[in-house]
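Chemist: What follows is structure-v5.pdb; its format and atoms are PDB, C-alpha atoms.
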MODEL        1
ATOM      1  CA  MET A   1       0.000   0.000   0.000
ATOM      2  CA  LYS A   2       1.858   3.007  -1.301
ATOM      3  CA  LYS A   3       0.108   5.768   0.656
ATOM      4  CA  SER A   4       0.542   4.180   4.072
ATOM      5  CA  LYS A   5       3.960   2.512   3.606
ATOM      6  CA  GLN A   6       2.446  -0.867   4.364
ATOM      7  CA  PHE A   7       1.965  -4.144   2.589
ATOM      8  CA  ILE A   8      -0.333  -7.084   3.116
ATOM      9  CA  SER A   9       0.480 -10.770   3.091
ATOM     10  CA  VAL A  10      -1.778 -13.779   3.493
ATOM     11  CA  SER A  11      -0.792 -16.782   5.578
ATOM     12  CA  THR A  12      -1.652 -20.446   5.026
ATOM     13  CA  ASP A  13      -3.649 -20.319   8.283
ATOM     14  CA  SER A  14      -6.067 -17.918   6.474
ATOM     15  CA  SER A  15      -4.934 -14.815   8.361
ATOM     16  CA  ILE A  16      -4.166 -11.451   6.776
ATOM     17  CA  ILE A  17      -0.928  -9.866   7.958
ATOM     18  CA  ILE A  18      -0.393  -6.099   7.780
ATOM     19  CA  TRP A  19       3.254  -5.023   7.646
ATOM     20  CA  ASN A  20       4.532  -1.503   8.342
ATOM     21  CA  TYR A  21       7.707   0.169   7.043
ATOM     22  CA  ASN A  22       9.248   1.781  10.118
ATOM     23  CA  SER A  23      11.746   4.595  10.699
ATOM     24  CA  ASN A  24      14.624   2.077  10.871
ATOM     25  CA  HIS A  25      13.874   1.143   7.248
ATOM     26  CA  LEU A  26      12.653  -2.289   8.286
ATOM     27  CA  TRP A  27       9.345  -4.067   7.760
ATOM     28  CA  SER A  28       7.629  -4.909  11.038
ATOM     29  CA  LEU A  29       4.410  -6.736  11.799
ATOM     30  CA  GLN A  30       1.644  -4.245  12.526
ATOM     31  CA  GLN A  31      -1.473  -6.417  12.824
ATOM     32  CA  ILE A  32      -2.929  -9.850  12.123
ATOM     33  CA  LEU A  33      -6.549 -10.192  10.990
ATOM     34  CA  ASN A  34      -8.246 -13.534  11.516
ATOM     35  CA  GLY A  35     -11.768 -14.583  10.699
ATOM     36  CA  HIS A  36     -11.806 -17.020   7.802
ATOM     37  CA  SER A  37     -11.970 -20.741   8.523
ATOM     38  CA  LEU A  38     -10.367 -21.819   5.218
ATOM     39  CA  ILE A  39      -7.688 -20.445   2.900
ATOM     40  CA  LEU A  40      -8.032 -16.965   1.410
ATOM     41  CA  GLN A  41      -8.421 -16.967  -2.363
ATOM     42  CA  CYS A  42      -8.597 -13.257  -3.215
ATOM     43  CA  LEU A  43      -8.103  -9.802  -1.738
ATOM     44  CA  VAL A  44      -8.621  -6.218  -2.932
ATOM     45  CA  ILE A  45      -7.883  -2.841  -1.338
ATOM     46  CA  ASN A  46      -9.730   0.370  -2.155
ATOM     47  CA  ILE A  47      -7.919   3.395  -3.614
ATOM     48  CA  ILE A  48      -7.650   5.319  -0.338
ATOM     49  CA  GLU A  49      -6.366   2.160   1.382
ATOM     50  CA  ASP A  50      -8.880   2.105   4.218
ATOM     51  CA  ILE A  51     -10.940  -0.942   3.180
ATOM     52  CA  ILE A  52      -9.715  -4.496   2.573
ATOM     53  CA  ILE A  53     -12.144  -6.945   0.978
ATOM     54  CA  ASN A  54     -11.240 -10.629   0.938
ATOM     55  CA  GLY A  55     -12.803 -13.870  -0.238
ATOM     56  CA  SER A  56     -12.169 -17.389   0.963
ATOM     57  CA  SER A  57     -12.742 -21.076   0.390
ATOM     58  CA  ASP A  58     -15.067 -20.863   3.414
ATOM     59  CA  THR A  59     -17.594 -19.218   0.975
ATOM     60  CA  THR A  60     -17.531 -15.796   2.663
ATOM     61  CA  ILE A  61     -16.490 -12.297   1.634
ATOM     62  CA  LYS A  62     -15.230 -10.206   4.550
ATOM     63  CA  PHE A  63     -14.800  -6.441   4.752
ATOM     64  CA  CYS A  64     -12.181  -4.780   6.988
ATOM     65  CA  LYS A  65     -12.006  -1.054   7.700
ATOM     66  CA  LYS A  66      -9.045   0.970   8.926
ATOM     67  CA  LYS A  67      -9.754   3.073  12.000
ATOM     68  CA  LYS A  68      -6.886   3.264  14.493
ATOM     69  CA  GLU A  69      -6.347  -0.360  13.573
ATOM     70  CA  TRP A  70      -7.927  -2.697  11.041
ATOM     71  CA  LEU A  71     -11.310  -4.097  12.089
ATOM     72  CA  ARG A  72     -13.549  -6.645  10.390
ATOM     73  CA  TYR A  73     -16.966  -5.055  10.054
ATOM     74  CA  GLN A  74     -19.083  -7.033   7.612
ATOM     75  CA  THR A  75     -19.451 -10.491   6.067
ATOM     76  CA  ILE A  76     -21.308 -11.507   2.901
ATOM     77  CA  THR A  77     -22.423 -15.149   2.894
ATOM     78  CA  ASP A  78     -24.249 -15.447  -0.447
ATOM     79  CA  HIS A  79     -21.738 -17.738  -2.188
ATOM     80  CA  SER A  80     -22.221 -21.466  -1.552
ATOM     81  CA  LYS A  81     -18.684 -22.533  -2.553
ATOM     82  CA  SER A  82     -15.204 -20.967  -2.651
ATOM     83  CA  VAL A  83     -14.903 -17.289  -3.593
ATOM     84  CA  PHE A  84     -12.181 -17.020  -6.258
ATOM     85  CA  GLY A  85     -12.189 -13.405  -7.432
ATOM     86  CA  LEU A  86     -13.044  -9.867  -6.334
ATOM     87  CA  SER A  87     -12.908  -6.573  -8.192
ATOM     88  CA  LEU A  88     -13.830  -2.991  -7.205
ATOM     89  CA  ASN A  89     -15.275  -0.454  -9.629
ATOM     90  CA  GLN A  90     -13.624   2.956 -10.173
ATOM     91  CA  GLN A  91     -16.078   4.714  -7.856
ATOM     92  CA  GLN A  92     -15.126   2.222  -5.104
ATOM     93  CA  ASN A  93     -18.785   1.628  -4.166
ATOM     94  CA  ARG A  94     -19.396  -1.644  -5.994
ATOM     95  CA  VAL A  95     -17.661  -5.031  -5.822
ATOM     96  CA  VAL A  96     -18.119  -8.003  -8.100
ATOM     97  CA  SER A  97     -17.226 -11.481  -6.886
ATOM     98  CA  CYS A  98     -16.994 -14.827  -8.627
ATOM     99  CA  GLY A  99     -16.901 -18.279  -7.181
ATOM    100  CA  GLU A 100     -16.819 -22.005  -7.619
ATOM    101  CA  ASP A 101     -20.620 -22.007  -7.225
ATOM    102  CA  LYS A 102     -20.845 -20.512 -10.771
ATOM    103  CA  TYR A 103     -22.275 -17.226  -9.497
ATOM    104  CA  ILE A 104     -21.151 -13.666 -10.012
ATOM    105  CA  LEU A 105     -22.361 -11.401  -7.207
ATOM    106  CA  ILE A 106     -22.703  -7.649  -7.597
ATOM    107  CA  ILE A 107     -22.305  -6.044  -4.182
ATOM    108  CA  GLU A 108     -22.921  -2.350  -3.573
ATOM    109  CA  GLN A 109     -22.685   0.083  -0.668
ATOM    110  CA  GLN A 110     -26.221   1.052   0.294
ATOM    111  CA  GLY A 111     -27.866   3.651   2.500
ATOM    112  CA  TYR A 112     -26.720   5.999   5.201
ATOM    113  CA  ASN A 113     -24.493   3.455   6.972
ATOM    114  CA  GLN A 114     -22.834   2.405   3.677
ATOM    115  CA  LYS A 115     -23.511  -1.275   4.348
ATOM    116  CA  TRP A 116     -22.457  -3.637   1.546
ATOM    117  CA  GLU A 117     -25.400  -5.554   0.061
ATOM    118  CA  VAL A 118     -25.758  -8.045  -2.776
ATOM    119  CA  ILE A 119     -27.884  -6.291  -5.405
ATOM    120  CA  LYS A 120     -27.696  -8.963  -8.116
ATOM    121  CA  ASP A 121     -26.531 -12.523  -8.608
ATOM    122  CA  ILE A 122     -25.758 -13.901 -12.047
ATOM    123  CA  ASN A 123     -25.648 -17.655 -12.639
ATOM    124  CA  GLN A 124     -23.041 -18.902 -15.125
ATOM    125  CA  LYS A 125     -22.686 -22.259 -16.900
ATOM    126  CA  GLU A 126     -19.134 -22.670 -15.595
ATOM    127  CA  TRP A 127     -17.312 -21.275 -12.585
ATOM    128  CA  ILE A 128     -15.088 -18.264 -13.078
ATOM    129  CA  GLN A 129     -11.579 -18.110 -11.644
ATOM    130  CA  ASN A 130     -11.102 -14.332 -11.726
ATOM    131  CA  MET A 131     -12.391 -11.112 -13.278
ATOM    132  CA  LEU A 132     -11.748  -7.402 -13.573
ATOM    133  CA  TYR A 133     -14.372  -4.696 -13.112
TER     134      TYR A 133
ENDMDL
END
How would this structure read if it were set down as structure tokens?

Modeler:
Amino acid sequence: MKKSKQFISVSTDSSIIIWNYNSNHLWSLQQILNGHSLILQCLVINIIEDIIINGSSDTTIKFCKKKKEWLRYQTITDHSKSVFGLSLNQQQNRVVSCGEDKYILIIEQQGYNQKWEVIKDINQKEWIQNMLY
């Protein structure tokens, strides 16, 4: 993440690790985010680097928001199999996901509280590995 001098890695235990570039010119562990029960398959970060969206083999899409630290704040459970791909639109208010269940979900921020909601699901003949919005 260029703006915050951080980068993100994903561990085989399904955790997300946030690393920080410190004043000693070294990378140090800043935070570990847990929450998925199976391996992470995909991850996207919004342009202003304050939202991480990630999909997993546990069929869920999780949203994390940066306050003083990163916090998980929402989960989408509409996929029935592994989530393989995520993509954000240019306006950063819509996400598309694809999964092994052969569905593409269109997820949009809605209302005053900006909650993410599935607004459309599209059934495909075959599952899709990845996509770009």

Chemist: Go through A:Cys98, A:Ile52, A:Ile107, A:Leu29 and flag the residue nearest Asn123 of chain A, using all atoms listed in the file for the distances.

Modeler: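 Selected residue with least distance to Asn123 of chain A: A:Cys98.
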
Chemist: Can you list, as a PyMOL selection string, every protein, DNA or RNA residue that comes within 6 Å of segment 65-82 of chain A when you count only C-alpha atoms, leaving out same-chain residues fewer than 4 positions away?

Modeler: chain A and resi 50-51+56-57+59-61+99-101

Chemist: Atom CA of Gly111 of chain A and atom CA of Leu43 of chain A are how many Å apart?

Modeler: 24.3 Å

Chemist: Using only C-alpha atoms, what residues lie at most 9 Å away from (-12.5, -0.5, -7.7) (file coordinates), given as a VMD selection string?

Modeler: chain A and resid 44 to 47 87 to 95 133

Chemist: The selected residues should be written to file as a PDB file, keeping the file's coordinate frame (atoms: C-alpha atoms).

Modeler:
ATOM      1  CA  VAL A  44      -8.621  -6.218  -2.932  1.00  0.00           C
ATOM      2  CA  ILE A  45      -7.883  -2.841  -1.338  1.00  0.00           C
ATOM      3  CA  ASN A  46      -9.730   0.370  -2.155  1.00  0.00           C
ATOM      4  CA  ILE A  47      -7.919   3.395  -3.614  1.00  0.00           C
ATOM      5  CA  SER A  87     -12.908  -6.573  -8.192  1.00  0.00           C
ATOM      6  CA  LEU A  88     -13.830  -2.991  -7.205  1.00  0.00           C
ATOM      7  CA  ASN A  89     -15.275  -0.454  -9.629  1.00  0.00           C
ATOM      8  CA  GLN A  90     -13.624   2.956 -10.173  1.00  0.00           C
ATOM      9  CA  GLN A  91     -16.078   4.714  -7.856  1.00  0.00           C
ATOM     10  CA  GLN A  92     -15.126   2.222  -5.104  1.00  0.00           C
ATOM     11  CA  ASN A  93     -18.785   1.628  -4.166  1.00  0.00           C
ATOM     12  CA  ARG A  94     -19.396  -1.644  -5.994  1.00  0.00           C
ATOM     13  CA  VAL A  95     -17.661  -5.031  -5.822  1.00  0.00           C
ATOM     14  CA  TYR A 133     -14.372  -4.696 -13.112  1.00  0.00           C
TER      15      TYR A 133
END

Chemist: For Ile106 of chain A, list every protein, DNA or RNA residue within 6 Å, evaluated using all atoms listed in the file, and leave out those in the same chain fewer than 2 positions away; present the list as a list of chain:residue names.

Modeler: A:Val95, A:Val96, A:Val118, A:Ile119, A:Lys120

Chemist: Any idea what the distance is between atom CA of Ile8 of chain A and atom CA of Asp58 of chain A?

Modeler: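 Computing the Euclidean distance for atom CA of Ile8 of chain A and atom CA of Asp58 of chain A yields 20.2 Å.
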
Chemist: Ranking A:Lys62, A:Lys102, A:Lys125, A:His36 by minimum distance to Asp13 of chain A and counting all atoms listed in the file, which one comes first?

Modeler: A:His36

Chemist: Show me the residues close to (2.8, 8.6, 1.0) - anything with an atom within 12 Å, counting only C-alpha atoms - and format the list as JSON, numbers by chain.

Modeler: {"A": [1, 2, 3, 4, 5, 6, 21, 48, 49]}

Chemist: Enter the distance from atom CA of Gln41 of chain A to atom CA of Val10 of chain A, in Å, rounded to one decimal.

Modeler: 9.4 Å

Chemist: Around all the atoms of segment 4-19 of chain A listed in the file, draw an axis-aligned box and extend it by 8 Å on each of the six sides; I want its centre and edge lengths in Å to one decimal, as AutoDock Vina command-line options.

Modeler:
--center_x -1.1 --center_y -8.1 --center_z 5.5 --size_x 26.0 --size_y 40.6 --size_z 21.8

Chemist: Using all atoms listed in the file, which residues sit within 9 Å of Ser97 of chain A once same-chain residues fewer than 6 positions away are excluded, as a ChimeraX atom specification?

Modeler: /A:55,61,83-87,103-107,130-131

Chemist: Could you list the residues chosen by the PyMOL selection byres ((chain A and resi 33) around 6) in this structure as a ChimeraX atom specification?

Modeler: /A:15-16,32,34

Chemist: Once the PyMOL selection byres ((chain A and resi 27) around 12) is applied to the coordinates I shared, what remains selected? I want it as a list in words.

Modeler: Lys5, Gln6, Phe7, Ile8, Ile17, Ile18, Trp19, Asn20, Tyr21, Asn22, Ser23, Asn24, His25, Leu26, Ser28, Leu29 and Gln30 of chain A

Chemist: Could you write segment 116-129 of chain A as a compact mmCIF listing (two decimals), keeping the file's coordinate frame, with N, CA and C atoms rebuilt where they are missing?

Modeler:
# COMPACT_ATOMS: atom_id res chain seq x y z
N TRP A 116 -22.60 -2.93 2.81
CA TRP A 116 -22.46 -3.64 1.55
C TRP A 116 -23.58 -4.66 1.43
N GLU A 117 -24.28 -4.63 0.28
CA GLU A 117 -25.40 -5.55 0.06
C GLU A 117 -25.33 -6.13 -1.34
N VAL A 118 -25.68 -7.41 -1.47
CA VAL A 118 -25.76 -8.04 -2.78
C VAL A 118 -26.98 -7.49 -3.49
N ILE A 119 -26.76 -6.86 -4.66
CA ILE A 119 -27.88 -6.29 -5.40
C ILE A 119 -28.27 -7.16 -6.60
N LYS A 120 -27.38 -8.08 -6.99
CA LYS A 120 -27.70 -8.96 -8.12
C LYS A 120 -26.79 -10.18 -8.06
N ASP A 121 -27.36 -11.33 -8.40
CA ASP A 121 -26.53 -12.52 -8.61
C ASP A 121 -26.78 -13.05 -10.02
N ILE A 122 -25.70 -13.45 -10.66
CA ILE A 122 -25.76 -13.90 -12.05
C ILE A 122 -25.22 -15.32 -12.10
N ASN A 123 -26.05 -16.26 -12.54
CA ASN A 123 -25.65 -17.66 -12.64
C ASN A 123 -24.96 -17.90 -13.98
N GLN A 124 -23.82 -18.57 -13.93
CA GLN A 124 -23.04 -18.90 -15.12
C GLN A 124 -23.07 -20.41 -15.37
N LYS A 125 -22.74 -20.83 -16.59
CA LYS A 125 -22.69 -22.26 -16.90
C LYS A 125 -21.46 -22.92 -16.28
N GLU A 126 -20.38 -22.17 -16.17
CA GLU A 126 -19.13 -22.67 -15.60
C GLU A 126 -18.66 -21.70 -14.52
N TRP A 127 -17.84 -22.18 -13.60
CA TRP A 127 -17.31 -21.28 -12.58
C TRP A 127 -16.21 -20.41 -13.18
N ILE A 128 -16.04 -19.26 -12.59
CA ILE A 128 -15.09 -18.26 -13.08
C ILE A 128 -13.97 -18.14 -12.05
N GLN A 129 -12.74 -18.18 -12.53
CA GLN A 129 -11.58 -18.11 -11.64
C GLN A 129 -11.29 -16.69 -11.17
